[in-house]
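Text of the file query-v2.tsv, holding TSV, C-alpha atoms:
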chain	number	residue	atom	x	y	z
R	1	MET	CA	160.18	97.76	28.78
R	2	VAL	CA	157.33	97.81	31.29
R	3	ARG	CA	155.35	94.80	32.49
R	4	ILE	CA	151.54	94.73	32.44
R	5	GLU	CA	149.89	92.37	34.94
R	6	PHE	CA	146.22	91.38	34.80
R	7	LEU	CA	144.76	90.73	38.25
R	8	GLY	CA	141.75	88.76	39.52
R	9	PRO	CA	139.33	87.38	36.94
R	10	ILE	CA	141.07	88.66	33.78
R	11	ALA	CA	142.43	85.40	32.40
R	12	LYS	CA	145.53	86.77	30.69
R	13	THR	CA	149.24	86.28	31.27
R	14	SER	CA	151.54	89.25	31.88
R	15	ILE	CA	152.96	91.10	28.89
R	16	ASP	CA	156.01	93.33	28.39
R	17	ILE	CA	155.74	96.40	26.17
R	18	GLU	CA	157.65	99.60	25.38
R	19	ALA	CA	155.85	102.55	26.98
R	20	SER	CA	156.94	105.96	28.25
R	21	SER	CA	153.66	106.90	29.93
R	22	LEU	CA	150.33	105.36	30.93
R	23	LYS	CA	148.89	106.91	27.77
R	24	ASP	CA	151.04	104.49	25.72
R	25	VAL	CA	149.74	101.59	27.84
R	26	ALA	CA	146.13	102.72	27.27
R	27	LEU	CA	146.67	102.93	23.50
R	28	TYR	CA	148.20	99.45	23.51
R	29	LEU	CA	145.37	97.92	25.57
R	30	GLN	CA	142.71	99.59	23.41
R	31	GLN	CA	143.98	97.52	20.45
R	32	ASP	CA	143.30	94.25	22.32
R	33	SER	CA	139.75	93.05	21.57
R	34	GLU	CA	139.84	90.56	24.48
R	35	LEU	CA	140.10	93.51	26.88
R	36	SER	CA	137.38	95.72	25.41
R	37	VAL	CA	134.77	94.57	27.97
R	38	TRP	CA	137.13	95.40	30.84
R	39	LEU	CA	138.77	98.70	29.90
R	40	ASP	CA	136.26	101.19	31.32
R	41	LYS	CA	136.13	99.29	34.64
R	42	LEU	CA	139.85	98.81	35.34
R	43	ALA	CA	141.73	100.68	38.05
R	44	ILE	CA	145.50	101.06	37.56
R	45	ALA	CA	148.50	100.70	39.85
R	46	VAL	CA	152.13	101.44	38.98
R	47	ASN	CA	154.60	99.56	41.18
R	48	ASP	CA	151.72	98.76	43.58
R	49	THR	CA	150.62	102.39	44.00
R	50	MET	CA	147.21	103.41	42.62
R	51	VAL	CA	147.48	105.98	39.81
R	52	CYS	CA	144.72	108.12	38.24
R	53	ASP	CA	146.78	110.20	35.77
R	54	LEU	CA	147.12	109.11	32.16
R	55	ASP	CA	150.23	111.31	31.81
R	56	HIS	CA	152.02	109.35	34.56
R	57	ILE	CA	155.60	108.82	33.28
R	58	LEU	CA	156.89	105.25	33.20
R	59	LYS	CA	160.47	104.04	33.48
R	60	ASP	CA	162.17	100.85	32.43
R	61	GLY	CA	161.12	97.93	34.66
R	62	ASP	CA	157.91	99.49	35.98
R	63	LYS	CA	155.06	97.12	36.84
R	64	ILE	CA	151.56	98.17	35.78
R	65	SER	CA	148.73	96.26	37.46
R	66	LEU	CA	145.21	96.26	36.05
R	67	LEU	CA	142.57	95.81	38.75
R	68	PRO	CA	139.03	94.81	37.69
R	69	PRO	CA	135.92	95.53	39.84
R	70	VAL	CA	136.27	94.21	43.38
R	71	CYS	CA	134.03	92.56	45.96
R	72	GLY	CA	135.57	91.45	49.23
R	73	GLY	CA	133.85	89.85	52.19
W	1	MET	CA	149.88	95.82	61.56
W	2	MET	CA	149.09	93.73	58.48
W	3	VAL	CA	145.85	92.25	57.21
W	4	GLU	CA	145.62	88.61	58.36
W	5	ILE	CA	145.10	86.34	55.35
W	6	TYR	CA	144.05	82.72	55.74
W	7	ASP	CA	143.57	79.95	53.19
W	8	GLY	CA	139.92	78.81	53.38
W	9	PRO	CA	137.29	79.75	56.00
W	10	LEU	CA	138.25	81.91	58.97
W	11	ASP	CA	138.45	80.37	62.43
W	12	VAL	CA	136.20	83.09	63.84
W	13	LYS	CA	136.45	82.04	67.48
W	14	ALA	CA	140.26	81.86	67.43
W	15	ILE	CA	140.67	85.22	65.63
W	16	PHE	CA	138.10	86.92	67.86
W	17	SER	CA	139.83	85.52	70.93
W	18	ASN	CA	143.27	86.74	69.77
W	19	TRP	CA	141.96	90.21	69.05
W	20	LEU	CA	140.10	90.35	72.35
W	21	ASP	CA	143.21	89.30	74.29
W	22	GLU	CA	145.29	91.99	72.55
W	23	GLY	CA	142.63	94.60	73.25
W	24	MET	CA	142.09	93.74	76.89
W	25	GLU	CA	145.74	94.41	77.63
W	26	ARG	CA	145.17	98.04	76.64
W	27	ASN	CA	142.78	100.64	77.95
W	28	TRP	CA	140.13	100.56	75.19
W	29	GLY	CA	136.55	101.52	76.00
W	30	ALA	CA	134.95	99.94	72.93
W	31	PHE	CA	135.61	96.88	70.76
W	32	ILE	CA	133.32	96.44	67.74
W	33	PRO	CA	133.87	93.31	65.63
W	34	PHE	CA	132.20	92.64	62.28
W	35	VAL	CA	131.93	89.08	60.95
W	36	GLY	CA	130.92	88.37	57.35
W	37	ILE	CA	129.34	84.93	56.80
W	38	VAL	CA	128.80	83.23	53.44
W	39	ARG	CA	125.06	82.89	52.84
W	40	GLU	CA	123.47	80.02	50.94
W	41	GLU	CA	121.77	81.69	47.96
W	42	GLY	CA	121.62	81.35	44.20
W	43	GLY	CA	122.63	77.69	44.38
W	44	ILE	CA	126.20	78.41	45.51
W	45	GLU	CA	128.24	75.82	47.38
W	46	ALA	CA	130.91	78.31	48.39
W	47	LEU	CA	132.50	81.62	47.56
W	48	SER	CA	136.10	81.89	46.46
W	49	PHE	CA	138.51	84.83	46.69
W	50	ASP	CA	141.62	86.17	44.97
W	51	ILE	CA	143.59	88.83	46.84
W	52	TYR	CA	146.32	91.18	45.66
W	53	GLU	CA	148.23	91.61	48.89
W	54	PRO	CA	150.64	94.50	48.11
W	55	ILE	CA	147.81	96.95	47.40
W	56	LEU	CA	145.54	95.46	50.07
W	57	ASN	CA	148.19	96.19	52.69
W	58	THR	CA	148.71	99.76	51.41
W	59	TRP	CA	144.95	100.33	51.47
W	60	PHE	CA	144.77	98.92	55.02
W	61	ASP	CA	147.76	101.00	56.21
W	62	ASP	CA	146.00	104.16	54.99
W	63	TRP	CA	142.89	103.21	56.98
W	64	GLN	CA	144.98	102.34	60.03
W	65	ALA	CA	146.53	105.83	59.88
W	66	LYS	CA	143.05	107.42	59.66
W	67	ALA	CA	141.87	105.33	62.63
W	68	ASN	CA	144.99	106.18	64.67
W	69	LYS	CA	144.33	109.90	64.15
W	70	ARG	CA	140.96	109.36	65.83
W	71	GLY	CA	142.58	107.42	68.69
W	72	ALA	CA	141.41	104.01	67.39
W	73	ILE	CA	142.96	100.93	65.78
W	74	LEU	CA	141.62	98.55	63.14
W	75	LYS	CA	141.95	94.78	62.74
W	76	MET	CA	141.11	92.76	59.66
W	77	ALA	CA	141.22	89.13	58.53
W	78	HIS	CA	140.17	87.74	55.14
W	79	SER	CA	140.06	84.35	53.43
W	80	ARG	CA	141.83	83.37	50.23
W	81	GLY	CA	140.50	80.52	48.09
W	82	ASP	CA	137.25	78.67	48.75
W	83	VAL	CA	134.93	79.41	51.68
W	84	ARG	CA	131.89	77.17	51.98
W	85	VAL	CA	128.43	78.45	52.90
W	86	HIS	CA	127.72	79.13	56.60
W	87	THR	CA	131.38	79.87	57.32
W	88	SER	CA	133.18	83.20	57.52
W	89	SER	CA	135.39	84.88	54.90
W	90	TYR	CA	135.81	88.30	56.49
W	91	MET	CA	136.34	89.80	59.94
W	92	SER	CA	137.23	93.29	60.97
W	93	ALA	CA	137.15	95.20	64.23
W	94	VAL	CA	137.71	98.60	65.75
W	95	PHE	CA	139.19	99.30	69.16
W	96	SER	CA	138.61	102.81	70.41
W	97	PRO	CA	138.56	104.70	73.71
W	98	LYS	CA	135.01	105.88	72.93
W	99	ARG	CA	132.04	104.06	71.39
W	100	ARG	CA	131.00	106.85	68.96
W	101	VAL	CA	134.34	106.78	67.09
W	102	ALA	CA	134.24	102.97	66.95
W	103	LEU	CA	130.67	102.86	65.59
W	104	GLU	CA	131.44	105.44	62.89
W	105	LEU	CA	134.74	103.86	61.90
W	106	ILE	CA	133.45	100.30	61.51
W	107	ASP	CA	130.74	101.62	59.16
W	108	GLU	CA	133.12	103.74	57.04
W	109	PHE	CA	135.82	101.07	56.99
W	110	VAL	CA	133.57	98.16	55.96
W	111	GLU	CA	131.92	100.26	53.21
W	112	ASP	CA	135.27	101.29	51.73
W	113	PHE	CA	136.50	97.70	52.07
W	114	LYS	CA	133.65	96.60	49.79
W	115	ALA	CA	134.47	99.33	47.25
W	116	ASN	CA	138.26	99.55	47.21
W	117	ALA	CA	140.04	96.55	48.76
W	118	PRO	CA	141.69	94.57	45.91
W	119	ILE	CA	139.79	91.31	46.48
W	120	TRP	CA	137.86	89.42	43.80
W	121	LYS	CA	134.89	87.20	44.58
W	122	TYR	CA	133.74	84.11	42.68
W	123	ASP	CA	130.69	81.88	43.16
W	124	ILE	CA	131.32	78.15	43.28
W	125	ILE	CA	128.36	76.52	41.53
W	126	ASN	CA	128.48	72.84	40.51
W	127	GLY	CA	132.20	72.93	41.16
W	128	LYS	CA	132.76	75.82	38.72
W	129	ARG	CA	134.36	79.14	39.76
W	130	VAL	CA	132.35	82.06	38.31
W	131	TYR	CA	133.40	85.73	38.80
W	132	ALA	CA	130.72	87.60	40.80
W	133	GLU	CA	130.68	90.43	38.26
W	134	ASP	CA	127.20	91.75	39.12
W	135	ARG	CA	128.16	92.31	42.79
W	136	SER	CA	131.57	93.82	42.04
W	137	THR	CA	132.41	97.54	42.09
W	138	PRO	CA	134.99	99.38	39.96
W	139	MET	CA	137.66	100.82	42.27
W	140	ASN	CA	138.21	104.59	42.67
W	141	GLY	CA	139.78	105.98	39.49
W	142	ALA	CA	138.66	103.08	37.26
W	143	GLY	CA	138.31	103.73	33.53
W	144	LEU	CA	141.69	105.39	32.89
W	145	MET	CA	142.65	102.84	30.25
W	146	SER	CA	139.58	103.53	28.11
W	147	LYS	CA	140.55	107.22	27.71
W	148	LYS	CA	142.07	108.37	24.42
W	149	ASP	CA	143.99	111.39	25.80
In structure tokens, what does this structure look like?
Amino acid sequence: MVRIEFLGPIAKTSIDIEASSLKDVALYLQQDSELSVWLDKLAIAVNDTMVCDLDHILKDGDKISLLPPVCGG
Amino acid sequence: MMVEIYDGPLDVKAIFSNWLDEGMERNWGAFIPFVGIVREEGGIEALSFDIYEPILNTWFDDWQAKANKRGAILKMAHSRGDVRVHTSSYMSAVFSPKRRVALELIDEFVEDFKANAPIWKYDIINGKRVYAEDRSTPMNGAGLMSKKD
């Protein structure tokens, strides 16, 4: 299992899913209609490191963070 | 050196004074602080901020390494939670032996801070917290989850 965390303004609690790569996570999230407005704007981190590769391999216990558009300061 | 995070508005004078004291003990030629102040506009009472610290600190460490390579160091402080108008939510600074490096770095650093630091801004209007979506920027690499393959 991997854990998906939704950061900032996405009002959603964490979920645990079976996934062997980020591609599996993308396919799962694309089924969720609540997330459709966010998907093309989210950046992704695995275990707090930013990742840009959909083929990134996941292992049991990994934490995937979804980061919506930012605005500090 | 970590990002300094404070609940509520920054105590600008105290933070500035701490940074100045640290800097004066070393042989820096230039110290350039930047202070962001919450403006009264659009009927807001305050801004409010969420921060994801693990990635903020990694992002800041990368910038610190870039600054160190140019002989400089960076400082940064940011608020978490509500920050009322006419107070400060963000401070950063560069110490450098030479002014040119400091001037360039503060510009590059503050611009990337706006684009890639994992901080989310909300307007407080009539007591309600509303995500500042129209002023927010997707981070580098955003959109991965909308791809099919």
**Request:** Would you mind telling me which residue in W:Arg99, W:Arg70, W:Lys128, W:Lys147 lies nearest to W:Gly29 when using all atoms listed in the file?
**Result:** W:Arg99
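Separating atom CA of R:Ser65 from atom CA of R:Ala43 is a distance of 8.3 Å.
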**Request:** Write out as an MDAnalysis selection string every residue belonging to chain R that has an atom at most 10 Å from any atom of chain W, counting only C-alpha atoms.
**Result:** chainID R and resid 7:10 22:30 36 38:45 47:55 65:73
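For the residues W:Met2, W:Ser92, W:His86, W:Leu74, ranking by smallest atom-to-atom distance to W:Phe16 using all atoms listed in the file places W:Ser92 first.
Here atom CA of R:Phe6 is placed at a distance of 28.9 Å from atom CA of W:Ala65.
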